[in-house]
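A quick write-up on the structure given underneath.
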Amino acid sequence: MAFWNKTPKTDGDPLLRPLPRRRQLSDRAILWLFIAPTLILLVAMNIFPLFYSLFLSFTDYSAISASPPVWVGLGNYQRVLSDKQLWTYFAITGRYALAAVGLETLLGFGLAMVLREKFHASGFITTLILVPMMLSPVVVGLFWKLIFNPQSGIFNYLLGFAAGQGPDWLRDPKLALWAVVIVDVWMWAPFVMLLCLSGLNAIPEYLYEAAVIDRASPWFQFWRITLPQVAPLLLIAVLFRTIEAFKAFDLVMGLTGGGPGDATELIAVNLYRIAFPPQFQTGLGSALAYIILVLIVAISNLYIRTLNQIRGEV
Amino acid sequence: MKTTLRRQRAPIVQSIRVDKISGATRLVRAIRIVLAVVYAILSLLPVLWIGMTAFKSRPDATAVPPKVIFKPTLEGFVSLLTDRAILNEARRQELLAHADELPWYQRLMVQQGMEITGPSQYVSRLWNSFIIAGVSTVAAVVLGLLAAYAFSRFPVPGKGDLLFFILSTRMLPPVVVTIPIFLMYRQLGLYDTHIGLILLYTVFNLSFSVWLMKGFLDEIPREYEEAALVDGYTRLQAFFKVVLPNSLSGLAATTVFCLIFAWNEYAFALMLTTDRARTAPPSITTMLGRGGIEWASIAAGSLGFLIPVVLVTFALRKYLLRGVTFGAIRQ
């Protein structure tokens with residue numbers, strides 16, 4: 001027996017006994033234990049369904065019929081892309097997004113400039129202005145219906161029209177989309193304001209001091225200091241609102257339900273009608289859903305990238 | 001005497017340049033304040049109007065021109081929360097004779113020629129909203145906290161991509177996600193169940209809560225835990241005894257945001273429930289259909305829905321910016 005095989009007798013000596021291993025999880029185990037539930041849930045509820053609907057988008061299938069999906073290849077996509085009606089809905093959505101996001105940016109930025117310098121109770125007023133943003137869009141849509149009512153609503157009344165004389169915002173096909181835009185701006189201009197305010201507050205004072213020393217005009221200061229400094233946050237706000245505009249569903253359902261006719265039939269609302277009652281064209285709906293998805297993912301990419309940039313800087 | 005005292009005051013350290021505040025600057029300032037106040041009032045007017053309409057009687061609610069001064073009544077709330085039957089004349093007279101013995105809400109309806117037969121569907125829908133929003137929020141916040149901790153403290157492989165993936169699930173339009181979920185749920189028997197909606201809301205809020213919580217956890221210095229680890233705490237003990245107590249305000253803010261999202265959610269609930277698990281937002285809209293337009297009760301329903309959110313907005317004012325940017329931007 002070689003001497004190195006002999007284990008030293010340590011039983012008796014408590015100092016030489018190996019310490020009892022504390023039962024504890026390694027950091028690595030904790031890491032996966034903490035992340036796994038989230039990832040599993042997200043994959044099960046978001047990724048798997050997306051693959052499932054990708055498959056469905058290549059089939060002819062209706063959720064209410066007993067027959068299984070029939071493979072039709074690119075047929076659904078062809079139908080969606082050649083459907084003039086759907087292009088109209090995309091155009092309506094685009095117009096809505098452009099008008100709403102444009103007005104929100106202007107109004108939100110303007111409000112931020114107004115509220116930029118603190119005054120007595122300015123914090124309170126800022127919070128008051130932010131209230132609409134937090135409300136449920138569908139409930140908001142519903143009660144604006146009452147406000148837009150040409151007979152008893154206060155909107156026309158405040159604009160100075162006598163009862164029944166003013167425009168019928170929700171029934172006039174030319175005005176209905178504007179009505180949706182007005183409510184959207186009311187809800188979301190404060191969001192743009194909030195982001196702009198944080199951008200404005202982060203501008204270092206010395207930039208303005210230097211500008212004053214150089215006798216730069218306020219106009220010059222605005223274009224060369226204020227605007228470029230706020231631009232990244234403004235961009236975030238604009239991208240986020242654009243994404244939301246293409247997802248817009250709740251507000252329109254509450255306010256107009258897509259009408260009158262199809263004047264406010266946004267693409268998400270139409271998708272709902274295709275994929276759910278009354279039409280239940282699940283396959284076709286999935287194809288349209290994927291087209292919308294690609295559009296939104298493209299904008300989201302830009303958005304998250306800008307967000308990450310800001311995270312790195314701020 | 002007085003003048004000397006004034007001279008002896010501490011010197012002005014920070015230049016406020018009193019000499020430079022001209023009349024024009026003061027005017028601009030005044031204009032700013034007026035603009036802000038006017039906008040705040042205008043933008044709250046619709047909410048105020050709903051608040052008033054909720055307390056109007058039926059004719060007052062649709063009065064032309066709109067009535068600003070009216071006799072407040074709880075009719076709207078009562079008819080929102082109850083089911084009623086129309087009374088025939090004989091029964092009406094009979095009930096009116098004993099009007100004093102009736103509870104106030106019954107009396108109110110009898111005067112309108114109706115009798116309360118029981119609580120309305122809306123009550124159970126509100127209850128559904130409470131349960132679904134509550135449970136899903138707890139789940140999303142707990143899971144979000146754990147994942148956020150891991151992302152904040154450990155070198156997760158592919159961290160950037162994973163976080164990106166997590167946030168991108170939030171960007172998906174509900175209608176797009178719901179088509180396959182609808183089919184899945186029908187197969188699994190989760191359609192129109194509380195569990196089904198809770199699961200979906202949990203996932204929907206999870207991405208948000210991970211991002212928001214990570215922002216909060218990033219702000220807690222690592223040194224706190226390292227000190228605890230050196231003192232012989234295990235990693236888990238350090239998490240529970242050091243990190244958790246320090247993240248309570250962030251946790252509270254995240255919870256409230258998740259609650260609001262779940263409470264306001266409409267699209268999923270509309271497409272994945274019909275009756276048993278239907279929440280309040282999709283049922284408010286269907287109320288329009290039955291028995292003419294009862295604006296007072298719709299306003300009452302909206303008001304009950306809005307008030308908690310308005311209060312919460314004030315409670316959260318410090319965190320609103322973080323909340324809307326997924327914790328990316330802090331003040």
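FYI, nothing fancy with the structure tokens labels: chains A, B, ... in order, residues from 1 per chain, ligands from 1 as they appear.
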
Would you mind listing, as a tab-separated table (two decimals) with N, CA and C atoms, in the first residue's frame, all residues of chain A that have at least one atom within 6 Å of chain B, where only C-alpha atoms are what counts?
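Below is the file that was written, selection.tsv:
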```tsv
chain	number	residue	atom	x	y	z
A	31	LEU	N	-29.94	32.17	-11.00
A	31	LEU	CA	-30.18	32.90	-12.24
A	31	LEU	C	-31.26	32.22	-13.07
A	34	PHE	N	-34.74	32.08	-11.49
A	34	PHE	CA	-35.44	33.36	-11.51
A	34	PHE	C	-35.94	33.73	-12.90
A	35	ILE	N	-35.15	33.35	-13.92
A	35	ILE	CA	-35.52	33.78	-15.27
A	35	ILE	C	-36.46	32.80	-15.95
A	49	PRO	N	-47.75	30.72	-29.94
A	49	PRO	CA	-48.93	31.17	-30.69
A	49	PRO	C	-48.58	31.84	-32.01
A	53	SER	N	-49.92	30.76	-35.59
A	53	SER	CA	-50.70	31.57	-36.52
A	53	SER	C	-49.94	31.77	-37.84
A	114	VAL	N	-44.20	75.03	-22.17
A	114	VAL	CA	-44.96	75.88	-21.25
A	114	VAL	C	-44.68	75.49	-19.79
A	129	ILE	N	-52.80	67.23	-16.08
A	129	ILE	CA	-52.78	67.11	-17.54
A	129	ILE	C	-52.52	65.66	-17.94
A	136	SER	N	-58.92	54.17	-19.39
A	136	SER	CA	-59.19	53.05	-20.28
A	136	SER	C	-59.69	53.56	-21.63
A	152	SER	N	-76.96	67.02	-27.26
A	152	SER	CA	-76.76	67.30	-25.84
A	152	SER	C	-75.28	67.29	-25.43
A	163	ALA	N	-77.53	74.18	-30.13
A	163	ALA	CA	-77.86	72.76	-30.12
A	163	ALA	C	-78.38	72.31	-31.48
A	247	LYS	N	-51.75	49.78	-33.70
A	247	LYS	CA	-52.44	48.79	-32.87
A	247	LYS	C	-53.82	49.27	-32.46
A	289	ALA	N	-52.82	39.52	-40.05
A	289	ALA	CA	-52.16	39.77	-38.77
A	289	ALA	C	-50.65	39.79	-38.96
A	311	ARG	N	-30.76	54.80	-22.82
A	311	ARG	CA	-30.37	54.13	-21.58
A	311	ARG	C	-28.87	54.22	-21.38
```

Which value, in Å to one decimal, gives the distance between CA of Met114 in chain B and CA of Arg84 in chain B?
6.1 Å

Per DSSP on the backbone, filter range 158-224 of chain B down to the residues in alpha helix (DSSP H) and report them as JSON, numbers by chain.
{"B": [159, 160, 161, 162, 163, 164, 165, 166, 167, 168, 169, 170, 171, 174, 175, 176, 177, 178, 179, 180, 181, 182, 183, 184, 185, 186, 187, 188, 194, 195, 196, 197, 198, 199, 200, 201, 202, 203, 204, 205, 206, 207, 208, 209, 210, 211, 212, 213, 214, 215, 216, 217, 218, 222, 223, 224]}

List the spatial neighbours of Gly257 in chain A as a list in words - criterion: any atom at most 12 Å away, only C-alpha atoms, same-chain residues fewer than 6 positions off excluded.
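Here the answer would be Val138, Gly141, Leu142, Lys145, Leu170, Arg171, Ala176, Leu177, Val180, Ala248, Phe249, Asp250, Leu251, Ala263, Thr264, Glu265, Leu266, Ala268, Val269, Asn270, Tyr272 and Arg273 of chain A; Thr285 and Thr286 of chain B.
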